[in-house]
$ cat query-v3.txt   # compact mmCIF, C-alpha atoms
# COMPACT_ATOMS: atom_id res chain seq x y z
CA MET A 961 -17.36 8.71 18.29
CA GLN A 962 -20.79 8.12 16.86
CA HIS A 963 -21.19 5.08 14.65
CA ASP A 964 -23.06 5.36 11.37
CA GLN A 965 -26.19 3.19 11.59
CA ARG A 966 -26.70 2.85 7.85
CA ALA A 967 -25.97 -0.44 6.19
CA ALA A 968 -22.28 -1.02 5.55
CA PRO A 969 -21.04 -1.58 2.00
CA PRO A 970 -20.74 -5.21 0.94
CA ALA A 971 -17.49 -7.08 1.40
CA GLU A 972 -15.03 -6.56 -1.40
CA THR A 973 -14.16 -9.15 -3.97
CA SER A 974 -10.55 -10.01 -4.60
CA ALA A 975 -8.20 -7.34 -5.84
CA PRO A 976 -7.91 -7.30 -9.61
CA THR A 977 -4.81 -8.76 -11.16
CA ALA A 978 -3.01 -6.71 -13.80
CA GLN A 979 -4.45 -8.92 -16.51
CA GLY A 980 -7.94 -8.77 -15.04
CA ALA A 981 -7.75 -5.01 -14.60
CA GLU A 982 -6.91 -4.45 -18.24
CA ALA A 983 -9.97 -6.53 -19.19
CA ALA A 984 -12.14 -4.21 -17.15
CA ALA A 985 -15.68 -3.19 -18.03
CA GLY A 986 -14.57 0.43 -18.14
CA ARG A 987 -12.12 3.02 -16.90
CA ALA A 988 -12.23 5.96 -14.51
CA PHE A 989 -10.09 9.06 -14.79
CA ALA A 990 -8.09 10.08 -11.74
CA THR A 991 -10.11 13.26 -11.20
CA ASP A 992 -13.33 11.25 -11.12
CA LEU A 993 -11.79 8.69 -8.78
CA SER A 994 -10.63 11.40 -6.37
CA ARG A 995 -14.00 13.14 -6.45
CA PHE A 996 -15.89 9.92 -5.74
CA ILE A 997 -13.58 8.71 -2.97
CA ALA A 998 -13.58 12.10 -1.27
CA ALA A 999 -17.39 12.29 -1.35
CA ALA A 1000 -17.63 8.87 0.32
CA PHE A 1001 -15.21 9.85 3.09
CA VAL A 1002 -16.92 13.17 3.75
CA ASP A 1003 -20.22 11.30 4.06
CA VAL A 1004 -18.80 9.03 6.79
CA GLY A 1005 -17.30 11.90 8.76
CA LEU A 1006 -13.89 12.92 7.44
CA PRO A 1007 -13.33 16.69 7.16
CA PRO A 1008 -13.32 17.75 3.48
CA ASN A 1009 -9.60 18.57 3.37
CA ASP A 1010 -8.66 15.23 4.93
CA ALA A 1011 -11.03 13.37 2.63
CA ALA A 1012 -9.48 15.06 -0.40
CA LYS A 1013 -5.95 14.17 0.73
CA VAL A 1014 -6.77 10.49 1.25
CA ALA A 1015 -8.66 10.40 -2.05
CA ALA A 1016 -5.70 11.88 -3.95
CA LEU A 1017 -3.32 9.29 -2.48
CA MET A 1018 -5.69 6.42 -3.29
CA ALA A 1019 -6.12 7.67 -6.86
CA GLU A 1020 -2.35 7.98 -7.22
CA THR A 1021 -2.06 4.37 -6.06
CA ASP A 1022 -4.39 3.28 -8.85
CA LEU A 1023 -2.54 5.38 -11.41
CA THR A 1024 0.73 3.64 -10.58
CA GLY A 1025 -0.83 0.18 -10.85
CA ALA A 1026 -1.10 -0.97 -7.23
CA ASP A 1027 -4.70 -2.01 -7.85
CA ALA A 1028 -5.17 -3.82 -4.54
CA HIS A 1029 -4.53 -0.62 -2.55
CA GLY A 1030 -6.48 2.12 -4.32
CA VAL A 1031 -10.23 2.51 -4.82
CA PHE A 1032 -10.52 -1.26 -4.35
CA ARG A 1033 -10.08 -0.62 -0.61
CA LEU A 1034 -12.81 2.01 -0.35
CA PRO A 1035 -15.68 -0.30 0.73
CA GLN A 1036 -13.48 -1.77 3.47
CA TYR A 1037 -12.33 1.63 4.71
CA VAL A 1038 -15.93 2.88 4.81
CA ARG A 1039 -17.04 -0.16 6.79
CA ARG A 1040 -14.27 0.30 9.34
CA ILE A 1041 -15.06 3.99 9.82
CA GLN A 1042 -18.76 3.22 10.22
CA ALA A 1043 -18.00 0.46 12.72
CA GLY A 1044 -15.79 2.75 14.82
CA GLY A 1045 -12.57 0.99 13.87
CA VAL A 1046 -11.05 4.20 12.45
CA ASN A 1047 -11.25 7.72 13.89
CA PRO A 1048 -12.46 10.05 11.08
CA LYS A 1049 -11.23 13.18 12.88
CA PRO A 1050 -7.87 12.31 14.44
CA ASP A 1051 -5.59 14.65 16.35
CA ILE A 1052 -2.30 13.47 14.86
CA ALA A 1053 0.54 14.29 17.28
CA VAL A 1054 4.25 14.56 16.46
CA ARG A 1055 6.80 14.36 19.28
CA ARG A 1056 10.43 14.98 18.43
CA THR A 1057 12.57 12.59 20.45
CA GLY A 1058 16.00 13.75 19.27
CA PRO A 1059 17.77 15.85 16.63
CA ALA A 1060 16.92 13.33 13.89
CA THR A 1061 14.08 11.25 15.35
CA ALA A 1062 10.38 11.67 16.06
CA LEU A 1063 7.38 9.58 17.03
CA VAL A 1064 3.97 10.14 15.42
CA ASP A 1065 0.78 9.11 17.24
CA GLY A 1066 -1.94 8.80 14.60
CA ASP A 1067 -4.87 8.83 17.06
CA ASN A 1068 -6.32 5.88 15.09
CA GLY A 1069 -6.81 8.04 11.99
CA MET A 1070 -6.71 7.00 8.36
CA GLY A 1071 -3.26 5.62 7.65
CA HIS A 1072 -2.86 7.82 4.59
CA LEU A 1073 -3.20 10.96 6.71
CA VAL A 1074 -0.91 9.66 9.42
CA MET A 1075 1.84 8.60 7.02
CA ALA A 1076 1.62 11.79 4.96
CA ARG A 1077 2.19 13.73 8.20
CA ALA A 1078 5.09 11.44 9.12
CA ALA A 1079 6.67 11.90 5.69
CA ASP A 1080 6.43 15.68 6.02
CA GLU A 1081 8.17 15.47 9.38
CA ALA A 1082 10.87 13.17 7.98
CA VAL A 1083 11.68 15.63 5.20
CA ALA A 1084 11.70 18.60 7.58
CA LEU A 1085 14.03 16.86 10.01
CA ALA A 1086 16.33 15.61 7.26
CA ARG A 1087 16.68 19.17 5.98
CA GLU A 1088 18.10 20.04 9.41
CA THR A 1089 20.18 16.97 10.16
CA GLY A 1090 20.75 15.14 6.86
CA VAL A 1091 18.80 12.05 7.89
CA ALA A 1092 15.60 11.41 9.85
CA TRP A 1093 13.84 8.35 11.24
CA ILE A 1094 10.15 8.76 12.08
CA GLY A 1095 8.30 6.03 13.95
CA VAL A 1096 4.51 5.75 13.78
CA ARG A 1097 1.98 4.20 16.15
CA ARG A 1098 -1.83 4.08 16.33
CA SER A 1099 -2.07 4.31 12.54
CA ASN A 1100 -4.05 2.20 10.07
CA HIS A 1101 -3.65 0.56 6.67
CA ALA A 1102 -2.13 3.25 4.44
CA GLY A 1103 -2.36 1.69 0.98
CA SER A 1104 0.63 1.34 -1.31
CA ALA A 1105 4.04 1.45 0.39
CA GLY A 1106 5.59 3.12 -2.64
CA LEU A 1107 3.52 6.25 -2.05
CA TYR A 1108 5.46 7.09 1.09
CA ALA A 1109 8.92 6.08 -0.10
CA GLU A 1110 8.38 8.48 -3.01
CA MET A 1111 7.40 11.47 -0.84
CA PRO A 1112 10.99 12.26 0.24
CA VAL A 1113 12.15 11.55 -3.34
CA LYS A 1114 10.11 14.52 -4.54
CA GLN A 1115 12.21 16.66 -2.18
CA GLY A 1116 15.54 15.33 -3.47
CA MET A 1117 15.89 12.69 -0.79
CA VAL A 1118 16.04 8.93 -0.48
CA GLY A 1119 12.90 7.54 1.16
CA ILE A 1120 12.54 4.26 3.05
CA TYR A 1121 9.18 3.04 4.35
CA ALA A 1122 8.06 -0.14 6.09
CA ALA A 1123 4.98 -1.27 7.98
CA VAL A 1124 3.54 -4.01 10.10
CA ALA A 1125 0.85 -5.46 7.84
CA SER A 1126 -2.77 -5.18 8.92
CA ALA A 1127 -3.25 -8.95 9.13
CA ASN A 1128 -0.98 -11.95 9.69
CA HIS A 1129 -0.73 -14.44 6.80
CA MET A 1130 2.78 -15.82 7.29
CA ALA A 1131 4.34 -18.05 9.91
CA PRO A 1132 7.82 -17.64 11.36
CA TRP A 1133 10.28 -19.84 9.45
CA GLY A 1134 9.60 -23.47 10.38
CA GLY A 1135 6.33 -22.63 12.12
CA SER A 1136 2.66 -23.14 11.31
CA GLU A 1137 0.96 -20.21 13.09
CA SER A 1138 0.19 -16.97 11.24
CA LEU A 1139 2.18 -14.61 13.44
CA LEU A 1140 3.87 -12.46 10.77
CA GLY A 1141 2.40 -10.17 8.16
CA THR A 1142 3.42 -9.55 4.58
CA ASN A 1143 5.24 -6.56 6.12
CA PRO A 1144 6.03 -4.36 3.08
CA LEU A 1145 9.22 -2.50 2.36
CA ALA A 1146 9.55 0.40 -0.10
CA ILE A 1147 12.66 2.36 -1.06
CA GLY A 1148 12.66 5.42 -3.31
CA ILE A 1149 15.77 6.92 -4.94
CA PRO A 1150 15.68 10.22 -6.88
CA CYS A 1151 16.85 10.20 -10.50
CA GLY A 1152 16.54 13.87 -11.42
CA ASP A 1153 14.18 14.42 -14.34
CA ALA A 1154 13.92 10.66 -14.99
CA PRO A 1155 11.36 8.53 -13.10
CA PRO A 1156 12.74 7.53 -9.69
CA VAL A 1157 13.76 4.08 -8.60
CA VAL A 1158 10.88 2.82 -6.43
CA LEU A 1159 11.18 -0.65 -4.96
CA ASP A 1160 7.83 -1.67 -3.43
CA MET A 1161 7.61 -5.25 -2.20
CA ALA A 1162 5.95 -7.55 0.27
CA THR A 1163 8.04 -10.05 2.20
CA THR A 1164 5.84 -12.96 1.06
CA VAL A 1165 6.05 -14.66 -2.34
CA VAL A 1166 2.64 -13.28 -3.31
CA SER A 1167 0.08 -10.97 -1.73
CA TYR A 1168 -2.96 -12.42 -0.02
CA GLY A 1169 -5.13 -10.36 -2.35
CA THR A 1170 -3.81 -12.41 -5.26
CA VAL A 1171 -4.72 -15.61 -3.42
CA LYS A 1172 -8.28 -14.31 -3.01
CA THR A 1173 -8.40 -13.54 -6.72
CA TYR A 1174 -7.51 -17.14 -7.52
CA ALA A 1175 -10.19 -18.37 -5.12
CA LEU A 1176 -12.80 -16.15 -6.77
CA HIS A 1177 -12.11 -17.82 -10.11
CA GLY A 1178 -11.58 -21.32 -8.70
CA ARG A 1179 -8.00 -21.45 -9.97
CA ALA A 1180 -5.28 -23.64 -8.51
CA MET A 1181 -2.30 -21.84 -6.98
CA PRO A 1182 1.32 -22.59 -7.85
CA PRO A 1183 2.85 -24.95 -5.25
CA ASP A 1184 5.34 -22.36 -3.96
CA TRP A 1185 2.78 -19.85 -2.67
CA MET A 1186 1.28 -21.49 0.43
CA VAL A 1187 1.71 -24.53 2.63
CA SER A 1188 -0.84 -26.29 4.82
CA ARG A 1189 -0.68 -25.63 8.54
CA VAL A 1190 -1.57 -29.28 9.14
CA ASP A 1191 1.15 -31.14 7.26
CA GLY A 1192 3.42 -28.47 5.75
CA GLN A 1193 2.70 -29.65 2.22
CA PRO A 1194 2.05 -27.26 -0.67
CA LEU A 1195 -1.51 -25.94 -0.67
CA THR A 1196 -2.74 -25.36 -4.21
CA ASP A 1197 -6.51 -25.26 -3.69
CA SER A 1198 -7.13 -21.52 -3.47
CA ARG A 1199 -10.53 -22.10 -1.85
CA ARG A 1200 -8.75 -23.65 1.14
CA SER A 1201 -6.31 -20.78 1.65
CA GLY A 1202 -7.60 -20.29 5.19
CA GLU A 1203 -5.94 -23.60 6.05
CA GLY A 1204 -2.51 -22.40 5.00
CA VAL A 1205 0.19 -19.80 5.47
CA LEU A 1206 1.92 -17.73 2.81
CA LEU A 1207 5.56 -18.50 2.13
CA PRO A 1208 8.20 -15.78 2.47
CA ILE A 1209 10.42 -14.58 -0.36
CA GLY A 1210 13.80 -16.28 -0.31
CA GLY A 1211 12.93 -18.87 2.33
CA HIS A 1212 14.30 -18.10 5.79
CA LYS A 1213 15.73 -14.78 4.52
CA GLY A 1214 12.30 -13.37 3.70
CA SER A 1215 10.95 -14.57 7.03
CA GLY A 1216 13.81 -12.83 8.79
CA LEU A 1217 13.20 -9.64 6.83
CA ALA A 1218 9.50 -9.67 7.77
CA LEU A 1219 10.50 -10.20 11.38
CA VAL A 1220 12.96 -7.32 11.66
CA LEU A 1221 10.73 -4.89 9.76
CA GLY A 1222 7.88 -5.88 12.05
CA LEU A 1223 9.96 -5.32 15.19
CA LEU A 1224 11.10 -1.89 13.97
CA GLY A 1225 7.57 -0.89 12.96
CA GLY A 1226 5.80 -2.46 15.92
CA PRO A 1227 7.49 -2.74 19.36
CA LEU A 1228 9.90 0.15 18.71
CA ASN A 1229 6.86 2.41 18.30
CA ARG A 1230 4.66 0.68 20.90
CA ALA A 1231 2.48 -0.58 18.04
CA ALA A 1232 1.00 -4.00 17.33
CA PHE A 1233 3.10 -6.98 16.28
CA GLY A 1234 2.72 -10.77 16.29
CA ARG A 1235 -0.27 -11.99 18.30
CA ASP A 1236 -1.30 -8.40 19.00
CA VAL A 1237 -2.13 -7.73 15.33
CA ILE A 1238 -5.85 -7.83 14.56
CA ASP A 1239 -7.08 -8.92 11.15
CA PHE A 1240 -8.56 -5.69 9.82
CA ASN A 1241 -10.47 -7.70 7.22
CA ALA A 1242 -12.44 -9.55 9.90
CA ASN A 1243 -12.43 -7.12 12.83
CA GLN A 1244 -14.16 -3.99 11.56
CA GLY A 1245 -14.57 -2.19 14.88
CA GLY A 1246 -11.24 -2.85 16.56
CA GLU A 1247 -8.38 -0.35 16.67
CA SER A 1248 -5.48 -1.85 14.73
CA ASN A 1249 -2.64 0.21 16.29
CA THR A 1250 -0.72 -0.22 13.05
CA GLY A 1251 3.00 0.54 13.29
CA GLN A 1252 5.06 2.03 10.48
CA PHE A 1253 8.28 3.95 10.01
CA ILE A 1254 9.76 6.25 7.39
CA VAL A 1255 13.34 7.36 6.85
CA ALA A 1256 14.48 10.35 4.77
CA LEU A 1257 18.08 10.86 3.65
CA ASP A 1258 19.19 14.17 2.14
CA VAL A 1259 21.30 13.30 -0.90
CA SER A 1260 22.91 16.76 -0.94
CA ARG A 1261 24.78 15.88 2.28
CA PHE A 1262 26.90 13.51 0.15
CA LEU A 1263 27.07 15.13 -3.31
CA PRO A 1264 25.00 17.52 -5.41
CA LEU A 1265 21.65 16.00 -6.32
CA GLU A 1266 22.23 16.54 -10.04
CA ALA A 1267 25.53 14.67 -9.92
CA PHE A 1268 23.97 11.80 -7.97
CA ALA A 1269 21.04 11.54 -10.39
CA ALA A 1270 23.34 11.52 -13.41
CA GLU A 1271 25.44 8.73 -11.94
CA VAL A 1272 22.40 6.68 -10.94
CA ASN A 1273 20.87 7.04 -14.40
CA ARG A 1274 24.13 6.01 -16.04
CA HIS A 1275 24.17 2.78 -14.08
CA LEU A 1276 20.47 2.14 -14.60
CA ASP A 1277 20.93 2.47 -18.36
CA ASP A 1278 23.80 -0.05 -18.21
CA LEU A 1279 21.55 -2.49 -16.37
CA ARG A 1280 18.55 -2.00 -18.66
CA HIS A 1281 20.63 -2.52 -21.78
CA SER A 1282 22.61 -5.47 -20.51
CA THR A 1283 22.21 -8.83 -22.26
CA PRO A 1284 18.90 -10.53 -21.36
CA LEU A 1285 18.43 -14.25 -20.97
CA PRO A 1286 17.40 -15.97 -24.20
CA GLY A 1287 13.65 -15.74 -24.58
CA GLY A 1288 13.34 -13.59 -21.49
CA ASP A 1289 11.44 -10.35 -20.97
CA PRO A 1290 13.13 -6.96 -21.33
CA ILE A 1291 15.20 -5.97 -18.32
CA ARG A 1292 13.37 -3.51 -16.08
CA MET A 1293 14.38 -1.53 -13.04
CA PRO A 1294 12.18 -1.03 -9.95
CA GLY A 1295 9.80 1.80 -10.78
CA ASP A 1296 9.97 1.49 -14.57
CA GLN A 1297 6.57 -0.17 -14.89
CA ARG A 1298 5.15 2.17 -12.27
CA ALA A 1299 6.04 5.15 -14.49
CA VAL A 1300 4.65 3.48 -17.63
CA ARG A 1301 1.35 2.68 -15.93
CA ARG A 1302 1.02 6.16 -14.54
CA GLN A 1303 1.34 7.70 -17.97
CA GLU A 1304 -0.99 5.21 -19.66
CA ARG A 1305 -3.64 5.37 -16.96
CA GLY A 1306 -3.36 9.13 -16.73
CA GLU A 1307 -4.31 9.31 -20.40
CA ARG A 1308 -6.83 6.46 -20.65
CA GLY A 1309 -8.14 6.12 -17.11
CA VAL A 1310 -7.80 3.48 -14.41
CA PRO A 1311 -9.28 0.06 -15.30
CA ILE A 1312 -12.32 -0.75 -13.13
CA PRO A 1313 -13.28 -4.46 -13.22
CA ALA A 1314 -17.01 -5.16 -13.28
CA PRO A 1315 -17.11 -6.77 -9.79
CA LEU A 1316 -15.37 -3.73 -8.31
CA GLN A 1317 -17.72 -1.36 -10.11
CA ALA A 1318 -20.66 -3.21 -8.56
CA GLN A 1319 -19.17 -2.74 -5.09
CA LEU A 1320 -18.53 0.96 -5.67
CA ASP A 1321 -22.06 1.43 -6.98
CA ALA A 1322 -23.31 -0.21 -3.78
CA VAL A 1323 -21.20 2.22 -1.72
CA ALA A 1324 -22.69 5.14 -3.64
CA GLN A 1325 -26.23 3.87 -3.13
CA THR A 1326 -25.69 3.19 0.58
CA LEU A 1327 -24.16 6.59 1.25
CA GLY A 1328 -26.42 8.51 -1.12
CA ILE A 1329 -23.62 9.98 -3.22
CA GLU A 1330 -23.13 10.19 -6.97
CA PRO A 1331 -21.73 6.95 -8.40
CA LEU A 1332 -18.25 6.78 -9.86
CA ARG A 1333 -18.21 7.97 -13.46
CA ILE A 1334 -17.06 5.11 -15.68
CA GLN A 1335 -15.77 5.56 -19.24
CA ARG A 1336 -16.81 2.65 -21.41
CA ALA A 1337 -14.47 1.12 -23.96
CA GLY A 1338 -13.86 3.56 -26.79
CA ALA A 1339 -15.32 6.52 -24.88
CA ARG A 1340 -13.42 9.63 -23.85
$ encode --input "query-v3.txt" --output "structure tokens"
Amino acid sequence: MQHDQRAAPPAETSAPTAQGAEAAAGRAFATDLSRFIAAAFVDVGLPPNDAAKVAALMAETDLTGADAHGVFRLPQYVRRIQAGGVNPKPDIAVRRTGPATALVDGDNGMGHLVMARAADEAVALARETGVAWIGVRRSNHAGSAGLYAEMPVKQGMVGIYAAVASANHMAPWGGSESLLGTNPLAIGIPCGDAPPVVLDMATTVVSYGTVKTYALHGRAMPPDWMVSRVDGQPLTDSRRSGEGVLLPIGGHKGSGLALVLGLLGGPLNRAAFGRDVIDFNANQGGESNTGQFIVALDVSRFLPLEAFAAEVNRHLDDLRHSTPLPGGDPIRMPGDQRAVRRQERGERGVPIPAPLQAQLDAVAQTLGIEPLRIQRAGAR
């Protein structure tokens, strides 16, 4: 693989928070986002069809509000491709290992391409057998976990996705070494014509991107986010986050969840886990051998999809309209806000914070492509 000798894009700033994103300098419509992202990937060696597929998935991520995993990641992805850390033209191989199982070797390609291929295989196998488990090795960071849990949902199936995170920021329960990742879990459940249930969560209390956002603004962190590796005490100075480890959700339970998801995504697939995980933020040229897995379950093997969706929606409505705590927010189900954001951002565009726009402009200048078209406030 030939490495691009042009200057790499600058390092990204922290991912925008929801509040910061809404206070953006401007907005970009999904079609413009996809066009810009695809042009950047073609310029660094991805075939046009592959570039368009990755771009569409990244734009969809931004539409649904996962701002830390959409166009925000573009400068980092470009740097890794230029440094040889990602293969722009992978030969993704699928090997069926049983009636309902398969292993995908991503050939170090873009994680979005690898996981989209794995999801297609999961759906195809589940059509035959009712359920399918697809393991993935030699992949890369694939963006928002919810993207892949929702792929089987669109085919009338339940989708389950998990991954070994692309950097370790959590210690095993009671430890001080960063040997576990934020290892995400996403589960999608079809609801007929209504928006699906999509649970998309990390196994840490907060993402590391949020910690970086606090550091950028010099803000103190809440005491339940991180602890110091030195004395185990709460670490609230966001500028010293490198001295700490993120805490898991639910104490030892979240640590255990990160562990088992990591073992199923890593060693089961002969992918990286624990000390073998490289920090893809710091190591631009190293192959990450990211491990992931996706499960598809055909609802029709249990009852007609329409009947299942009607029953699910009945229960969801009961939950949404149950009595809230005094002074509390309205009760929401997993995926509700995702659907609201997608509609709002589809109409008004995706918020692009000024620091992110500067990075994307630098990418455009470095690669010699047209900059991302930004709609200013009040413009259409």
$ closest_residue --input "query-v3.txt" --among "A:Ala988, A:Val1205, A:Gly1045, A:Trp1185" --to "Thr1170 (chain A)" --atoms "all atoms listed in the file"
A:Trp1185
$ residues_around --input "query-v3.txt" --residues "Gly1119 (chain A)" --least-positions-apart "4" --cutoff "9 Å" --atoms "only C-alpha atoms" --output "short mmCIF file (atom, residue, chain, number, x, y, z; two decimals) with C-alpha atoms, in the frame of the given file"
data_model
loop_
_atom_site.label_atom_id
_atom_site.label_comp_id
_atom_site.auth_asym_id
_atom_site.auth_seq_id
_atom_site.Cartn_x
_atom_site.Cartn_y
_atom_site.Cartn_z
CA ALA A 1079 6.67 11.90 5.69
CA TYR A 1108 5.46 7.09 1.09
CA ALA A 1109 8.92 6.08 -0.10
CA GLU A 1110 8.38 8.48 -3.01
CA MET A 1111 7.40 11.47 -0.84
CA PRO A 1112 10.99 12.26 0.24
CA VAL A 1113 12.15 11.55 -3.34
CA ALA A 1146 9.55 0.40 -0.10
CA ILE A 1147 12.66 2.36 -1.06
CA GLY A 1148 12.66 5.42 -3.31
CA ILE A 1149 15.77 6.92 -4.94
CA PRO A 1150 15.68 10.22 -6.88
CA ILE A 1254 9.76 6.25 7.39
CA VAL A 1255 13.34 7.36 6.85
CA ALA A 1256 14.48 10.35 4.77
CA LEU A 1257 18.08 10.86 3.65
#
$ residues_around --input "query-v3.txt" --residues "Asn1249 (chain A)" --least-positions-apart "4" --cutoff "6 Å" --atoms "all atoms listed in the file" --output "ChimeraX atom specification"
/A:1098-1099,1231-1232
$ closest_residue --input "query-v3.txt" --among "A:Ser1136, A:Val1165, A:Ile1094, A:Lys1172" --to "Val1190 (chain A)" --atoms "all atoms listed in the file"
A:Ser1136
$ atom_distance --input "query-v3.txt" --atom1 "CA of Leu1206 (chain A)" --atom2 "CA of Met1181 (chain A)"
11.4 Å
$ closest_residue --input "query-v3.txt" --among "A:Leu1316, A:Ala1180, A:Val1187, A:Leu1265" --to "Gly1116 (chain A)" --atoms "all atoms listed in the file"
A:Leu1265
$ atom_distance --input "query-v3.txt" --atom1 "CA of His1129 (chain A)" --atom2 "CA of Val1166 (chain A)"
10.7 Å
$ closest_residue --input "query-v3.txt" --among "A:Asp1289, A:Asp1321, A:Asp1153, A:Glu1247" --to "Asn1273 (chain A)" --atoms "all atoms listed in the file"
A:Asp1153
$ residues_near_point --input "query-v3.txt" --point "(-9.3, 9.0, 5.3)" --cutoff "9 Å" --atoms "all atoms listed in the file" --output "PDB file with C-alpha atoms, keeping the file's coordinate frame"
ATOM      1  CA  ALA A 998     -13.580  12.100  -1.270  1.00  0.00           C
ATOM      2  CA  PHE A1001     -15.210   9.850   3.090  1.00  0.00           C
ATOM      3  CA  VAL A1002     -16.920  13.170   3.750  1.00  0.00           C
ATOM      4  CA  LEU A1006     -13.890  12.920   7.440  1.00  0.00           C
ATOM      5  CA  PRO A1007     -13.330  16.690   7.160  1.00  0.00           C
ATOM      6  CA  ASP A1010      -8.660  15.230   4.930  1.00  0.00           C
ATOM      7  CA  ALA A1011     -11.030  13.370   2.630  1.00  0.00           C
ATOM      8  CA  ALA A1012      -9.480  15.060  -0.400  1.00  0.00           C
ATOM      9  CA  LYS A1013      -5.950  14.170   0.730  1.00  0.00           C
ATOM     10  CA  VAL A1014      -6.770  10.490   1.250  1.00  0.00           C
ATOM     11  CA  ALA A1015      -8.660  10.400  -2.050  1.00  0.00           C
ATOM     12  CA  TYR A1037     -12.330   1.630   4.710  1.00  0.00           C
ATOM     13  CA  ILE A1041     -15.060   3.990   9.820  1.00  0.00           C
ATOM     14  CA  VAL A1046     -11.050   4.200  12.450  1.00  0.00           C
ATOM     15  CA  ASN A1047     -11.250   7.720  13.890  1.00  0.00           C
ATOM     16  CA  PRO A1048     -12.460  10.050  11.080  1.00  0.00           C
ATOM     17  CA  LYS A1049     -11.230  13.180  12.880  1.00  0.00           C
ATOM     18  CA  GLY A1069      -6.810   8.040  11.990  1.00  0.00           C
ATOM     19  CA  MET A1070      -6.710   7.000   8.360  1.00  0.00           C
ATOM     20  CA  GLY A1071      -3.260   5.620   7.650  1.00  0.00           C
ATOM     21  CA  HIS A1072      -2.860   7.820   4.590  1.00  0.00           C
ATOM     22  CA  LEU A1073      -3.200  10.960   6.710  1.00  0.00           C
TER      23      LEU A1073
END
$ closest_residue --input "query-v3.txt" --among "A:Val1004, A:Met1293, A:Ser1126, A:Gly1214" --to "Arg1039 (chain A)" --atoms "all atoms listed in the file"
A:Val1004
$ closest_residue --input "query-v3.txt" --among "A:Leu1223, A:Val1157, A:Ile1291, A:Ala1028" --to "Asp1278 (chain A)" --atoms "only C-alpha atoms"
A:Ile1291
$ atom_distance --input "query-v3.txt" --atom1 "CA of Gly1306 (chain A)" --atom2 "CA of Phe996 (chain A)"
16.7 Å
$ residues_near_point --input "query-v3.txt" --point "(15.9, 11.5, 10.4)" --cutoff "9 Å" --atoms "all atoms listed in the file" --output "PyMOL selection string"
chain A and resi 1059-1062+1081-1094+1254-1257
$ residues_around --input "query-v3.txt" --residues "Glu1304 (chain A)" --least-positions-apart "4" --cutoff "12 Å" --atoms "only C-alpha atoms" --output "list in words"
Glu982, Arg987, Phe989, Ala990, Asp1022, Leu1023, Thr1024, Gly1025, Gln1297, Arg1298, Ala1299, Val1300, Arg1308, Gly1309, Val1310 and Pro1311 of chain A
$ axis_aligned_box --input "query-v3.txt" --around "region 1268-1282 of chain A" --padding-each-side "6 Å" --output "AutoDock Vina command-line options"
--center_x 22.0 --center_y 3.2 --center_z -14.9 --size_x 18.9 --size_y 29.3 --size_z 25.8
$ residues_around --input "query-v3.txt" --residues "Asn1243 (chain A)" --least-positions-apart "4" --cutoff "10 Å" --atoms "all atoms listed in the file" --output "list in words"
Arg1040, Ala1043, Gly1045, Ile1238, Asp1239, Glu1247 and Ser1248 of chain A
$ residues_around --input "query-v3.txt" --residues "Arg1200 (chain A)" --least-positions-apart "3" --cutoff "12 Å" --atoms "only C-alpha atoms" --output "PDB file with C-alpha atoms, in the coordinates of the input"
ATOM      1  CA  VAL A1171      -4.720 -15.610  -3.420  1.00  0.00           C
ATOM      2  CA  LYS A1172      -8.280 -14.310  -3.010  1.00  0.00           C
ATOM      3  CA  TYR A1174      -7.510 -17.140  -7.520  1.00  0.00           C
ATOM      4  CA  ALA A1175     -10.190 -18.370  -5.120  1.00  0.00           C
ATOM      5  CA  LEU A1176     -12.800 -16.150  -6.770  1.00  0.00           C
ATOM      6  CA  GLY A1178     -11.580 -21.320  -8.700  1.00  0.00           C
ATOM      7  CA  ARG A1179      -8.000 -21.450  -9.970  1.00  0.00           C
ATOM      8  CA  ALA A1180      -5.280 -23.640  -8.510  1.00  0.00           C
ATOM      9  CA  MET A1181      -2.300 -21.840  -6.980  1.00  0.00           C
ATOM     10  CA  MET A1186       1.280 -21.490   0.430  1.00  0.00           C
ATOM     11  CA  VAL A1187       1.710 -24.530   2.630  1.00  0.00           C
ATOM     12  CA  SER A1188      -0.840 -26.290   4.820  1.00  0.00           C
ATOM     13  CA  ARG A1189      -0.680 -25.630   8.540  1.00  0.00           C
ATOM     14  CA  PRO A1194       2.050 -27.260  -0.670  1.00  0.00           C
ATOM     15  CA  LEU A1195      -1.510 -25.940  -0.670  1.00  0.00           C
ATOM     16  CA  THR A1196      -2.740 -25.360  -4.210  1.00  0.00           C
ATOM     17  CA  ASP A1197      -6.510 -25.260  -3.690  1.00  0.00           C
ATOM     18  CA  GLU A1203      -5.940 -23.600   6.050  1.00  0.00           C
ATOM     19  CA  GLY A1204      -2.510 -22.400   5.000  1.00  0.00           C
ATOM     20  CA  VAL A1205       0.190 -19.800   5.470  1.00  0.00           C
TER      21      VAL A1205
END
